[in-house]
Each structure stands twice: as C-alpha cells, then as structure tokens.
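Everything below belongs to upload-v3.cif, which stores mmCIF, C-alpha atoms and all ligand atoms.
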```
data_input
loop_
_atom_site.label_atom_id
_atom_site.label_comp_id
_atom_site.auth_asym_id
_atom_site.auth_seq_id
_atom_site.Cartn_x
_atom_site.Cartn_y
_atom_site.Cartn_z
CA MET A 189 -37.04 18.29 1.07
CA ASN A 190 -37.88 17.44 4.63
CA GLN A 191 -39.13 13.92 4.78
CA TYR A 192 -36.64 11.49 6.28
CA PHE A 193 -34.43 13.77 8.38
CA LYS A 194 -37.26 15.82 9.85
CA ASP A 195 -35.45 16.75 13.06
CA ILE A 196 -32.35 17.86 11.24
CA PRO A 197 -32.12 21.55 10.30
CA GLN A 198 -30.10 23.01 7.44
CA ILE A 199 -26.49 22.78 8.65
CA LYS A 200 -24.82 26.17 8.53
CA PHE A 201 -21.46 27.63 9.43
CA GLU A 202 -21.61 29.18 12.92
CA GLY A 203 -17.93 29.41 13.80
CA ARG A 204 -15.79 28.19 16.68
CA LYS A 205 -17.86 29.62 19.50
CA THR A 206 -21.08 27.77 18.70
CA ASP A 207 -22.49 25.01 20.91
CA ASN A 208 -24.96 23.92 18.26
CA PRO A 209 -24.16 20.30 17.34
CA TYR A 210 -25.93 20.84 14.00
CA ALA A 211 -23.55 23.51 12.75
CA PHE A 212 -20.12 23.76 11.17
CA ARG A 213 -17.39 25.28 13.28
CA TYR A 214 -14.76 25.45 10.50
CA TYR A 215 -16.44 24.67 7.19
CA ASP A 216 -17.61 27.95 5.74
CA GLU A 217 -18.16 27.10 2.10
CA ASN A 218 -17.73 30.72 0.99
CA GLU A 219 -14.55 31.50 2.90
CA MET A 220 -11.67 32.26 0.57
CA ILE A 221 -8.53 30.26 1.22
CA GLY A 222 -5.95 31.66 -1.15
CA ASP A 223 -7.47 31.79 -4.62
CA LYS A 224 -10.40 29.39 -4.00
CA THR A 225 -13.35 29.09 -1.67
CA MET A 226 -13.46 26.23 0.81
CA LYS A 227 -16.18 24.66 -1.28
CA GLU A 228 -13.95 24.72 -4.36
CA TRP A 229 -10.94 23.26 -2.57
CA LEU A 230 -12.81 20.52 -0.78
CA ARG A 231 -15.45 19.37 -3.28
CA PHE A 232 -17.15 17.13 -0.70
CA SER A 233 -19.05 14.10 -1.83
CA MET A 234 -21.37 11.60 -0.17
CA ALA A 235 -20.69 7.88 -0.73
CA TYR A 236 -24.05 6.36 -1.60
CA TRP A 237 -23.18 2.82 -0.51
CA HIS A 238 -22.16 3.40 3.10
CA THR A 239 -24.47 6.27 3.89
CA LEU A 240 -27.64 5.03 2.25
CA CYS A 241 -27.19 1.26 1.85
CA GLY A 242 -25.15 0.38 4.95
CA THR A 243 -27.02 -1.74 7.47
CA GLY A 244 -24.47 -2.09 10.24
CA SER A 245 -24.33 -5.88 9.89
CA ASP A 246 -21.07 -7.64 10.72
CA PRO A 247 -19.96 -11.29 10.76
CA PHE A 248 -21.39 -11.60 14.28
CA GLY A 249 -24.80 -10.07 13.85
CA ALA A 250 -27.53 -8.55 11.77
CA GLY A 251 -27.93 -4.94 10.75
CA THR A 252 -28.66 -2.34 13.40
CA MET A 253 -29.37 0.75 11.32
CA VAL A 254 -32.84 2.22 11.72
CA ARG A 255 -33.68 3.89 8.41
CA PRO A 256 -37.05 5.54 7.98
CA TRP A 257 -36.92 5.20 4.20
CA GLU A 258 -36.67 1.38 4.07
CA THR A 259 -39.68 -0.38 2.57
CA ALA A 260 -40.36 -3.84 1.13
CA ASN A 261 -40.82 -3.10 -2.58
CA GLN A 262 -37.34 -2.93 -4.10
CA MET A 263 -37.83 -0.15 -6.64
CA GLU A 264 -39.94 1.87 -4.23
CA ASN A 265 -37.19 1.39 -1.66
CA ALA A 266 -34.55 2.58 -4.15
CA LYS A 267 -36.53 5.75 -4.81
CA ARG A 268 -37.15 6.56 -1.17
CA ARG A 269 -33.48 5.90 -0.39
CA MET A 270 -32.45 8.26 -3.16
CA GLU A 271 -34.78 10.97 -1.85
CA ALA A 272 -33.27 10.49 1.61
CA GLY A 273 -29.79 10.83 0.13
CA PHE A 274 -30.57 14.08 -1.64
CA GLU A 275 -32.29 15.45 1.44
CA LEU A 276 -29.22 14.65 3.52
CA MET A 277 -26.77 16.15 1.02
CA ASP A 278 -28.95 19.21 0.66
CA LYS A 279 -29.15 19.76 4.43
CA LEU A 280 -25.39 19.34 4.78
CA GLY A 281 -24.51 21.43 1.73
CA ILE A 282 -22.59 18.52 0.16
CA PRO A 283 -22.22 19.35 -3.54
CA PHE A 284 -21.40 15.87 -4.96
CA PHE A 285 -22.17 12.19 -4.60
CA CYS A 286 -20.66 8.91 -5.83
CA PHE A 287 -22.36 5.57 -6.48
CA HIS A 288 -22.00 2.01 -7.70
CA ASP A 289 -24.64 0.90 -10.22
CA ARG A 290 -26.12 -1.54 -7.70
CA ASP A 291 -26.33 1.07 -4.93
CA ILE A 292 -28.87 3.17 -6.75
CA ALA A 293 -30.91 0.40 -8.40
CA PRO A 294 -31.55 -3.21 -7.42
CA GLU A 295 -30.06 -5.99 -9.51
CA GLY A 296 -32.80 -7.70 -11.53
CA ALA A 297 -33.30 -11.35 -12.52
CA SER A 298 -31.39 -10.74 -15.77
CA LEU A 299 -28.83 -8.22 -17.02
CA ALA A 300 -31.53 -6.61 -19.14
CA GLU A 301 -33.76 -6.16 -16.09
CA SER A 302 -30.85 -4.74 -14.05
CA ASN A 303 -30.18 -2.26 -16.86
CA LYS A 304 -33.82 -1.26 -16.94
CA ASN A 305 -33.86 -0.65 -13.17
CA LEU A 306 -30.67 1.36 -13.49
CA ASP A 307 -32.09 3.53 -16.27
CA GLU A 308 -35.19 4.24 -14.24
CA MET A 309 -33.20 5.23 -11.16
CA ALA A 310 -30.70 7.28 -13.19
CA ASP A 311 -33.63 9.27 -14.58
CA TYR A 312 -34.85 9.88 -11.07
CA ALA A 313 -31.37 10.91 -9.96
CA LYS A 314 -31.29 13.39 -12.82
CA THR A 315 -34.52 14.99 -11.61
CA LEU A 316 -33.26 15.27 -8.03
CA MET A 317 -29.90 16.61 -9.25
CA GLU A 318 -31.67 19.32 -11.20
CA GLN A 319 -33.84 20.20 -8.21
CA THR A 320 -30.91 20.51 -5.81
CA GLY A 321 -27.92 21.43 -7.99
CA ILE A 322 -26.04 18.43 -6.55
CA ARG A 323 -23.63 16.82 -9.02
CA LEU A 324 -22.07 13.43 -9.67
CA LEU A 325 -18.39 13.18 -8.71
CA TRP A 326 -18.03 9.64 -10.00
CA GLY A 327 -19.87 6.52 -10.92
CA THR A 328 -18.65 2.95 -10.85
CA ALA A 329 -19.85 -0.62 -11.29
CA ASN A 330 -20.12 -3.13 -8.48
CA CYS A 331 -18.34 -6.13 -10.00
CA PHE A 332 -17.60 -7.84 -6.72
CA SER A 333 -20.76 -8.47 -4.64
CA ASN A 334 -22.66 -10.91 -6.84
CA PRO A 335 -21.42 -14.53 -6.47
CA ARG A 336 -20.67 -14.62 -10.22
CA TYR A 337 -17.58 -12.56 -9.36
CA VAL A 338 -16.25 -15.18 -6.96
CA HIS A 339 -12.97 -15.45 -8.92
CA GLY A 340 -12.78 -11.81 -9.99
CA ALA A 341 -14.29 -9.83 -12.87
CA ALA A 342 -11.76 -8.82 -15.56
CA THR A 343 -9.29 -11.23 -13.95
CA SER A 344 -11.70 -14.15 -13.61
CA PRO A 345 -10.53 -17.39 -15.24
CA ASN A 346 -14.05 -17.60 -16.68
CA ALA A 347 -14.41 -15.65 -19.97
CA GLU A 348 -18.19 -15.43 -19.48
CA VAL A 349 -17.58 -13.44 -16.32
CA PHE A 350 -15.17 -11.12 -18.18
CA ALA A 351 -17.93 -10.49 -20.73
CA TYR A 352 -20.58 -9.87 -18.06
CA ALA A 353 -18.32 -7.41 -16.21
CA ALA A 354 -17.64 -5.60 -19.50
CA ALA A 355 -21.38 -5.26 -20.11
CA GLN A 356 -21.89 -3.97 -16.59
CA VAL A 357 -19.08 -1.41 -16.83
CA LYS A 358 -20.30 -0.30 -20.27
CA LYS A 359 -23.71 0.45 -18.83
CA ALA A 360 -22.31 2.14 -15.71
CA MET A 361 -20.17 4.38 -17.96
CA GLU A 362 -23.21 5.33 -20.01
CA VAL A 363 -25.18 6.22 -16.88
CA THR A 364 -22.24 8.17 -15.44
CA LYS A 365 -22.02 10.12 -18.68
CA ALA A 366 -25.77 10.76 -18.76
CA LEU A 367 -25.57 12.22 -15.25
CA GLY A 368 -22.59 14.43 -16.08
CA GLY A 369 -20.21 12.43 -13.85
CA GLU A 370 -16.81 14.09 -13.64
CA ASN A 371 -14.89 10.84 -13.13
CA TYR A 372 -15.35 7.10 -13.44
CA VAL A 373 -13.73 4.82 -10.86
CA PHE A 374 -12.28 1.34 -11.21
CA TRP A 375 -11.70 -0.19 -7.83
CA GLY A 376 -10.41 -3.71 -8.40
CA GLY A 377 -13.05 -5.39 -6.21
CA ARG A 378 -12.04 -9.02 -6.50
CA GLU A 379 -9.20 -8.45 -8.96
CA GLY A 380 -6.54 -10.32 -7.03
CA TYR A 381 -5.90 -13.85 -5.85
CA GLU A 382 -5.63 -16.13 -2.86
CA THR A 383 -3.08 -18.72 -4.03
CA LEU A 384 -0.69 -19.14 -6.95
CA LEU A 385 -1.42 -22.89 -6.87
CA ASN A 386 -4.44 -22.15 -9.06
CA THR A 387 -3.64 -18.75 -10.57
CA ASP A 388 -2.02 -17.59 -13.82
CA MET A 389 -1.03 -14.14 -12.61
CA ALA A 390 0.58 -13.03 -15.87
CA PHE A 391 -2.58 -13.88 -17.79
CA GLU A 392 -4.85 -12.18 -15.26
CA LEU A 393 -2.85 -8.95 -15.37
CA GLU A 394 -2.92 -8.94 -19.17
CA ASN A 395 -6.66 -9.41 -19.07
CA LEU A 396 -7.06 -6.56 -16.62
CA ALA A 397 -5.14 -4.32 -19.03
CA ARG A 398 -7.22 -5.60 -21.95
CA PHE A 399 -10.39 -4.74 -20.05
CA LEU A 400 -9.22 -1.22 -19.22
CA HIS A 401 -8.22 -0.61 -22.85
CA MET A 402 -11.73 -1.62 -23.88
CA ALA A 403 -13.10 0.92 -21.38
CA VAL A 404 -10.85 3.64 -22.84
CA ASP A 405 -12.02 2.76 -26.36
CA TYR A 406 -15.65 2.81 -25.32
CA ALA A 407 -15.30 6.18 -23.57
CA LYS A 408 -13.96 7.60 -26.85
CA GLN A 409 -16.80 5.99 -28.76
CA ILE A 410 -19.52 7.55 -26.60
CA GLY A 411 -17.69 10.83 -25.98
CA PHE A 412 -17.32 10.37 -22.23
CA THR A 413 -14.76 12.96 -21.14
CA GLY A 414 -14.73 12.27 -17.40
CA GLN A 415 -11.44 11.26 -15.81
CA PHE A 416 -10.80 7.51 -15.37
CA LEU A 417 -9.50 6.64 -11.92
CA ILE A 418 -8.02 3.48 -10.48
CA GLU A 419 -8.44 3.07 -6.73
CA PRO A 420 -5.54 1.19 -5.16
CA LYS A 421 -6.06 -1.21 -2.26
CA PRO A 422 -3.52 -3.82 -1.14
CA LYS A 423 -5.77 -6.52 0.28
CA GLU A 424 -9.40 -7.26 1.16
CA PRO A 425 -11.32 -8.95 -0.19
CA ALA A 426 -8.46 -10.90 -1.82
CA LYS A 427 -5.25 -11.64 0.04
CA HIS A 428 -3.30 -10.09 -2.84
CA GLN A 429 -5.07 -7.28 -4.70
CA TYR A 430 -3.45 -6.36 -8.02
CA ASP A 431 -3.82 -2.58 -7.57
CA PHE A 432 -1.75 -2.73 -4.38
CA ASP A 433 -0.82 0.93 -4.02
CA THR A 434 -0.23 3.99 -6.19
CA GLN A 435 3.30 3.00 -7.09
CA SER A 436 2.27 -0.45 -8.31
CA VAL A 437 -0.71 1.01 -10.17
CA MET A 438 1.62 3.39 -11.95
CA ALA A 439 3.96 0.59 -13.00
CA PHE A 440 0.97 -1.37 -14.32
CA LEU A 441 -0.37 1.63 -16.25
CA LYS A 442 3.01 2.25 -17.85
CA LYS A 443 3.63 -1.36 -18.75
CA TYR A 444 0.31 -1.56 -20.56
CA GLN A 445 0.36 1.94 -22.13
CA LEU A 446 -2.60 3.11 -20.07
CA GLN A 447 -0.82 5.99 -18.34
CA ASP A 448 -2.40 8.71 -20.46
CA TYR A 449 -5.92 7.70 -19.52
CA PHE A 450 -5.89 7.01 -15.79
CA LYS A 451 -5.21 8.79 -12.54
CA VAL A 452 -5.73 7.42 -9.04
CA ASN A 453 -8.46 7.73 -6.46
CA ILE A 454 -6.66 7.51 -3.15
CA GLU A 455 -8.41 6.23 -0.08
CA ALA A 456 -6.85 6.96 3.30
CA ASN A 457 -7.72 3.58 4.79
CA HIS A 458 -6.30 1.74 1.77
CA ALA A 459 -3.05 3.67 2.13
CA THR A 460 -2.69 2.51 5.72
CA LEU A 461 -3.57 -1.09 4.80
CA ALA A 462 -0.69 -0.93 2.30
CA GLY A 463 1.66 0.05 5.13
CA HIS A 464 1.88 3.67 3.97
CA ASN A 465 0.24 6.70 5.38
CA PHE A 466 -2.36 8.81 3.62
CA GLN A 467 0.12 11.58 2.86
CA HIS A 468 2.60 9.19 1.26
CA GLU A 469 0.05 7.97 -1.28
CA LEU A 470 -1.15 11.49 -2.10
CA HIS A 471 2.40 12.75 -2.37
CA PHE A 472 3.52 9.93 -4.66
CA ALA A 473 0.50 10.47 -6.89
CA ARG A 474 1.01 14.21 -6.97
CA ILE A 475 4.69 14.18 -7.92
CA ASN A 476 3.81 11.81 -10.74
CA GLY A 477 0.88 13.85 -12.00
CA ILE A 478 -1.75 11.21 -11.28
CA LEU A 479 -3.55 12.55 -8.21
CA GLY A 480 -7.17 12.36 -9.34
CA SER A 481 -9.52 12.17 -6.40
CA ILE A 482 -9.71 11.18 -2.74
CA ASP A 483 -11.79 8.78 -0.70
CA ALA A 484 -11.75 10.60 2.61
CA ASN A 485 -11.91 8.28 5.60
CA LYS A 486 -9.63 6.76 8.18
CA GLY A 487 -8.74 3.34 9.52
CA ASP A 488 -7.97 2.28 13.05
CA SER A 489 -4.31 1.73 13.85
CA MET A 490 -5.24 -1.21 16.09
CA LEU A 491 -7.27 -3.01 13.44
CA GLY A 492 -5.76 -4.48 10.31
CA TRP A 493 -8.77 -4.17 8.06
CA ASP A 494 -10.76 -1.60 6.15
CA THR A 495 -12.83 0.05 8.87
CA ASP A 496 -13.87 3.03 6.68
CA GLN A 497 -14.38 5.49 9.53
CA PHE A 498 -15.24 9.15 9.16
CA PRO A 499 -12.03 11.19 8.95
CA THR A 500 -11.61 13.13 12.21
CA ASP A 501 -7.84 13.16 12.62
CA ILE A 502 -6.73 16.73 12.02
CA TYR A 503 -3.07 15.75 11.70
CA ASP A 504 -4.06 13.57 8.72
CA THR A 505 -6.47 16.03 7.13
CA THR A 506 -3.84 18.78 7.40
CA LEU A 507 -1.16 16.76 5.67
CA ALA A 508 -3.65 15.54 3.05
CA MET A 509 -4.75 19.08 2.26
CA TYR A 510 -1.10 20.13 2.11
CA GLU A 511 -0.70 17.75 -0.82
CA VAL A 512 -3.92 18.98 -2.42
CA ILE A 513 -2.74 22.57 -2.15
CA LYS A 514 0.62 21.68 -3.67
CA ASN A 515 -1.33 19.96 -6.44
CA GLY A 516 -3.13 23.22 -7.15
CA GLY A 517 -6.45 21.65 -6.10
CA LEU A 518 -8.26 18.49 -7.07
CA TYR A 519 -9.53 19.68 -10.48
CA LYS A 520 -12.21 17.11 -11.44
CA GLY A 521 -11.65 15.16 -8.23
CA GLY A 522 -13.15 15.68 -4.81
CA LEU A 523 -13.22 14.46 -1.23
CA ASN A 524 -15.64 11.57 -1.15
CA PHE A 525 -16.61 10.37 2.32
CA ASP A 526 -16.13 6.67 1.74
CA ALA A 527 -16.96 6.23 5.41
CA LYS A 528 -19.56 4.48 7.46
CA VAL A 529 -20.89 5.26 10.89
CA ARG A 530 -20.12 2.58 13.47
CA ARG A 531 -22.56 -0.26 14.05
CA ALA A 532 -23.59 1.24 17.36
CA SER A 533 -24.22 4.66 15.74
CA PHE A 534 -27.47 3.44 14.23
CA GLU A 535 -29.66 6.53 14.23
CA PRO A 536 -30.09 8.73 11.13
CA ALA A 537 -28.69 11.65 13.15
CA ASP A 538 -25.36 9.81 13.30
CA LEU A 539 -25.06 10.15 9.52
CA VAL A 540 -25.34 13.89 9.98
CA TYR A 541 -22.80 14.00 12.82
CA GLY A 542 -20.39 11.81 10.83
CA HIS A 543 -20.44 14.13 7.85
CA ILE A 544 -20.21 17.30 9.96
CA ALA A 545 -17.19 15.83 11.75
CA GLY A 546 -15.53 14.89 8.46
CA MET A 547 -16.27 18.22 6.79
CA ASP A 548 -15.06 20.28 9.74
CA SER A 549 -11.91 18.15 10.07
CA PHE A 550 -11.02 18.75 6.43
CA ALA A 551 -11.92 22.45 6.60
CA ARG A 552 -9.63 22.82 9.61
CA GLY A 553 -6.93 20.81 7.83
CA LEU A 554 -7.24 23.06 4.78
CA LYS A 555 -6.78 26.24 6.82
CA VAL A 556 -3.75 24.91 8.66
CA ALA A 557 -2.18 23.45 5.53
CA HIS A 558 -2.66 26.66 3.59
CA LYS A 559 -0.94 28.68 6.30
CA LEU A 560 1.92 26.18 6.52
CA TYR A 561 2.30 26.35 2.77
CA THR A 562 2.14 30.11 2.40
CA ASP A 563 4.57 30.58 5.30
CA GLY A 564 6.90 28.20 3.47
CA VAL A 565 7.63 26.34 6.71
CA PHE A 566 8.57 22.97 5.26
CA GLU A 567 9.36 24.22 1.77
CA LYS A 568 12.21 26.40 3.02
CA PHE A 569 13.60 23.64 5.20
CA ILE A 570 13.48 21.07 2.41
CA LYS A 571 15.07 23.41 -0.10
CA GLU A 572 17.94 24.09 2.27
CA ARG A 573 18.31 20.37 3.00
CA TYR A 574 19.10 19.65 -0.66
CA SER A 575 21.11 22.81 -1.27
CA SER A 576 24.38 20.89 -1.72
CA TYR A 577 23.11 20.19 -5.24
CA GLU A 578 23.03 23.88 -6.11
CA ILE A 579 26.80 24.36 -6.11
CA GLY A 580 30.09 22.53 -6.63
CA ILE A 581 30.05 18.78 -7.09
CA GLY A 582 26.26 18.62 -6.51
CA LYS A 583 25.67 20.95 -9.41
CA ASP A 584 28.05 18.92 -11.57
CA ILE A 585 26.05 15.76 -10.78
CA LEU A 586 22.79 17.39 -11.83
CA THR A 587 24.16 18.91 -15.00
CA GLY A 588 25.69 15.62 -16.11
CA LYS A 589 29.23 17.00 -16.03
CA VAL A 590 30.58 14.10 -14.00
CA GLY A 591 30.43 10.29 -13.97
CA PHE A 592 31.76 7.60 -11.65
CA ALA A 593 35.42 8.29 -12.51
CA GLU A 594 35.19 12.03 -11.73
CA LEU A 595 33.17 11.33 -8.59
CA GLU A 596 35.79 8.88 -7.39
CA ARG A 597 38.47 11.49 -7.92
CA HIS A 598 36.38 13.98 -5.96
CA ALA A 599 35.67 11.54 -3.10
CA LEU A 600 39.33 10.52 -2.80
CA ALA A 601 40.30 14.16 -2.41
CA GLN A 602 37.78 14.75 0.42
CA SER A 603 39.07 14.23 3.94
CA GLN A 604 35.73 14.32 5.79
CA ILE A 605 32.04 14.54 4.98
CA SER A 606 29.84 16.57 7.31
CA ASN A 607 26.05 16.02 7.47
CA LYS A 608 23.33 18.16 8.96
CA SER A 609 20.49 17.09 11.25
CA GLY A 610 17.14 16.21 9.69
CA ARG A 611 15.38 18.01 12.61
CA GLN A 612 12.28 15.81 12.51
CA GLU A 613 11.17 16.54 16.09
CA PHE A 614 11.64 20.25 15.60
CA LEU A 615 9.47 20.15 12.46
CA GLU A 616 6.79 18.04 14.16
CA GLN A 617 6.61 20.60 16.92
CA ILE A 618 6.08 23.36 14.35
CA LEU A 619 3.33 21.31 12.74
CA ASN A 620 1.63 20.94 16.13
CA ARG A 621 1.91 24.64 16.72
CA TYR A 622 0.15 25.39 13.44
CA ILE A 623 -2.54 22.80 14.10
CA THR A 624 -3.36 24.27 17.49
CA GLU A 625 -2.77 27.96 16.83
CA VAL A 626 -3.84 28.86 13.30
CA GLU A 627 -6.97 31.01 13.37
C1 LIG B 701 -13.75 -0.68 -1.18
C2 LIG B 701 -13.67 0.51 -2.00
C3 LIG B 701 -14.90 0.83 -2.83
C4 LIG B 701 -14.56 1.81 -3.91
C5 LIG B 701 -15.59 1.90 -4.98
O1 LIG B 701 -12.92 -0.95 -0.33
O2 LIG B 701 -13.33 1.58 -1.16
O3 LIG B 701 -15.94 1.27 -2.02
O4 LIG B 701 -14.32 3.08 -3.41
O5 LIG B 701 -15.84 0.71 -5.58
CA CA B 702 -13.03 3.70 -1.61
CA CA B 703 -12.28 1.27 2.17
#
```
Show this structure as structure tokens.
Ligand code: XLS
Ligand code: CA
Ligand code: CA
Amino acid sequence: MNQYFKDIPQIKFEGRKTDNPYAFRYYDENEMIGDKTMKEWLRFSMAYWHTLCGTGSDPFGAGTMVRPWETANQMENAKRRMEAGFELMDKLGIPFFCFHDRDIAPEGASLAESNKNLDEMADYAKTLMEQTGIRLLWGTANCFSNPRYVHGAATSPNAEVFAYAAAQVKKAMEVTKALGGENYVFWGGREGYETLLNTDMAFELENLARFLHMAVDYAKQIGFTGQFLIEPKPKEPAKHQYDFDTQSVMAFLKKYQLQDYFKVNIEANHATLAGHNFQHELHFARINGILGSIDANKGDSMLGWDTDQFPTDIYDTTLAMYEVIKNGGLYKGGLNFDAKVRRASFEPADLVYGHIAGMDSFARGLKVAHKLYTDGVFEKFIKERYSSYEIGIGKDILTGKVGFAELERHALAQSQISNKSGRQEFLEQILNRYITEVE
C-alpha cells in the first residue's frame, strides 16, 4: 500500500531523542503501561469524514485540500478514497476507523441506490480490513446533511422523515454488524430546535426515545452485539441540541428505560461547548458506568464553536487518560480522532502530522496519568479530604444512624467547625511536575 502517500514512510517509534518528523516520540504500541500495552489502552481510530472527506471549505471560501485520490466518478472516487484511508492508517499503525454511511459511499438518487452503493463499499472495506488487520470501532448514519433532515430526523415533525431516518439507521446497523463494528454511535445531528414558537419539545423527545427503542429491538433481531453509544453535544447545528451533555443524556436514558442499552461517546470539543471540560464529562460518565468511547480532539478557548482540532494539549490528554485508567480501560471503546487539519494545512502530509501529534500527545498523557495514579497522588489527597465520614458523626450519617433531629442535636453541641484547605494550587503544581518530569 503505497499509492497516495508515497513520500510518507511507515511511522515508527523512535523515542524522545529523534529529530525525524515522521516518527513517534512517545507512542510505542508495544510498551507495557501497567497491565496493558499502549496500543490496548489507546485503541486509536481514524475518523473517515474529516480525514478523507474534509475539503477545508468554510463559509468564506471553497475547499483548499489537495487530495491525490480525488476523481470525478463518484464510486471510483469512493474506492480511491478508501484505499487512501487504509494506506494512511496502515502507515500510522492506527488499528481502528469510524465512519458515517455517507462518508464511505455516495448517496444515490433513491434510498435503494444509496443502499446498493453502501453495500458495494462495505464489501470493499471488508477486503481492505482483511488485508491490513484494521478494524471498525464504530459505524453511524449521517441523518443531518441531506436537506430532508432540515427539521431533524427522529425528532422531525414530518413522520416521513422519521421513517426515512429509521431505514437509514437500519441499514447502517447492518453494515456495521457485517464489518464487525464494536460500537454503533448516535450523534443527534439535527435533533434539537431553534424556537419553541414552532416546537412540541415533549413530543420530539418521546419520538427520539421511540426511535432508539426501535434500534435496540432491531439490534436484538439481527444479533448485533456492539455497544450503542449516544454522543452528547450542546449546540451546533441547532441552538438547543437534545443530547446536551452526559448528565442530560443519562436523565433521558433513565426516563425512557434505555439505560441498559446505551453508553456515551464523549467528544472533548463538545464537552467544552457545554461549558464543561473534557475531564468532567469523562469523569461523570465513568462514575455512572456509561463511559463508552472517546472522540479525541480539542476546541479553541477563544472560539465558541466546534473547531475539531487535533488533540495536542498534554494537560488535557493526561487528565483524560487518568479517567480511562480509573475506568479500567475503554473496553469496546477507543480514541477516535474526530479532528480535522486546519484549512491552511492542506497537504496530505498534514494529515500524517496531525495524527502523529494526537497519538504522541495521548501516549504522553497515558504515561503521566498512569504514574500519577499508581503513586496515588490525588487518590490519597481526596481520601483524606473526605475522611470526616469515616468516624464519629460522619460515619453515623453514612450508616443511616442519624436524621435531621440527631444532626441538630449534634450541631447545637458544637462550638466551632474547622475546615481544611483544598490545596488546589499545590495539587496543580504536582500535576505540572509529573507532566514535565515523568520518564
Ligand atoms: C459532530 C459529531 C459527529 C459525530 C458522528 O459534531 O462530532 O461527527 O461524531 O456523527
Ligand atoms: Ca464526534
Ligand atoms: Ca465535533
């Protein structure tokens, strides 16, 4: 496989001393970190849409990306693009990929024709997967780009659109199953609204739940055992997106008895759009047992939209991997680079640099996080911070021995309460020390 990235060698681990821009300085897929290799912890994945379909266009101008695989015939183009994708993953040693149905095969003039194109491309993907050993992390359906989804898909006021989206998701699930996909993602594309002056929110939410129950039923019917994931995002494209963040997704799943079938796919840039940070979303998902997979990218703190940049902030990757380690790994999930190179980074080589940067940043984050965890740095501090619940009145609260009346009696008898410092700056300094010093 050396057709579209001819100047790019196989990217190998060369360690911190190397000057070779086409090498990993931290990501050594075979290095053991605790009980797993780096490859097993990180489970990197390429996002088909940004990497292979992105053009670099923006509201002010046309695409800038120069892609040697582009050609006029649509199906021919889809095949060449897929070959380019597998060549890139192979050269980078990326073990997984993720796609939307319409990323891998062009939409036809009818649903039947779209399905036929999809079948043909899925067969081709299967061949390339067998040749390279690369696997499918997750599949999904694009129910947001086509103008038919102008008012949403499962939450559209138009029942015909609900039916069309169901048919599209059904097919995408079948293809994901055929390719051995380990998860299936539902990102609520246009499931949200702009104004309540024209929206029946209660009805739309019920329909969304109805749709997801149908997906659960169909998975059982066809024996698809991959994990279902909902990907939260607070806004964009709609002003209000229903799957705002992990906490609101969880409330929705519980209300509609879907909690046994779904976990979340957390994207860093969506966390920040929701006014959280990446670690908050991962942490909340983890403590509630619904951390499924990760879309690894970053936003820009100066821009209020979804910039989907390659993740290069080691502070963030460290704290993200800390949550993954505490979760015992990602199981069926992975780290999918839902990231696009900037419009001015238009050469194919930039795709390689973007992924190397992301992979090394997460490998570094993993090493630091693992050391922080095994040294018990924060764990010890946090345990001590809550230790008042291990004895005396704290213990009585936890064991249910006391209620308001007993607590009032206790409080009245206390002359003074003394608190201890939270030591945030001290802990941040320790984190910095680990980030800069861990070998
Ligand atoms: C868009 C989402 C999307 C999902 C998959 O903001 O990130 O790309 O990951 O549909
Ligand atoms: Ca995403
Ligand atoms: Ca995004």
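By only C-alpha atoms, and with residues fewer than 4 positions from Glu382 in chain A along its chain excluded, the set lying at most 8 Å from it is Ala426, Lys427 and His428 of chain A.
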What residues have any atom no more than 10 Å from ligand CA 702 (chain B) when counting all atoms listed in the file, and can you list them as a list in words?
Ala235, Val373, Phe374, Trp375, Glu419, Pro420, Lys421, Asn453, Ile454, Glu455, Ala456, Asn457, His458, Ile482, Asp483, Ala484, Asn485, Asp494, Asp496, Asn524, Phe525, Asp526 and Ala527 of chain A
Taking (-1.4, 0.5, 5.6) in the coordinates of the supplied file, I want to know which residues reach to within 10 Å of it, counting all atoms listed in the file; could you give the answer as a ChimeraX atom specification?
/A:421-423,433,456-466,487,489,492-494
Near-Glu219 in chain A list (12 Å; only C-alpha atoms; drop same-chain fewer than 5 positions) as a tab-separated table (two decimals) with C-alpha atoms, in the coordinates of the input:
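Contents of selection07.tsv, as written:
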```tsv
chain	number	residue	atom	x	y	z
A	201	PHE	CA	-21.46	27.63	9.43
A	203	GLY	CA	-17.93	29.41	13.80
A	214	TYR	CA	-14.76	25.45	10.50
A	224	LYS	CA	-10.40	29.39	-4.00
A	225	THR	CA	-13.35	29.09	-1.67
A	226	MET	CA	-13.46	26.23	0.81
A	227	LYS	CA	-16.18	24.66	-1.28
A	228	GLU	CA	-13.95	24.72	-4.36
A	229	TRP	CA	-10.94	23.26	-2.57
A	230	LEU	CA	-12.81	20.52	-0.78
A	551	ALA	CA	-11.92	22.45	6.60
A	554	LEU	CA	-7.24	23.06	4.78
A	555	LYS	CA	-6.78	26.24	6.82
```
Skip Met438 in chain A itself and residues of its chain fewer than 2 positions away, then list as an NGL selection string all residues within 12 Å of it, counting all atoms listed in the file.
:A and (417-420 or 430-436 or 440-452 or 469 or 472-479)
Could you jot down the CA of Glu535 in chain A to CA of Met253 in chain A separation for me, Å, one decimal place?
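Pair CA of Glu535 in chain A / CA of Met253 in chain A returns 6.5 Å.
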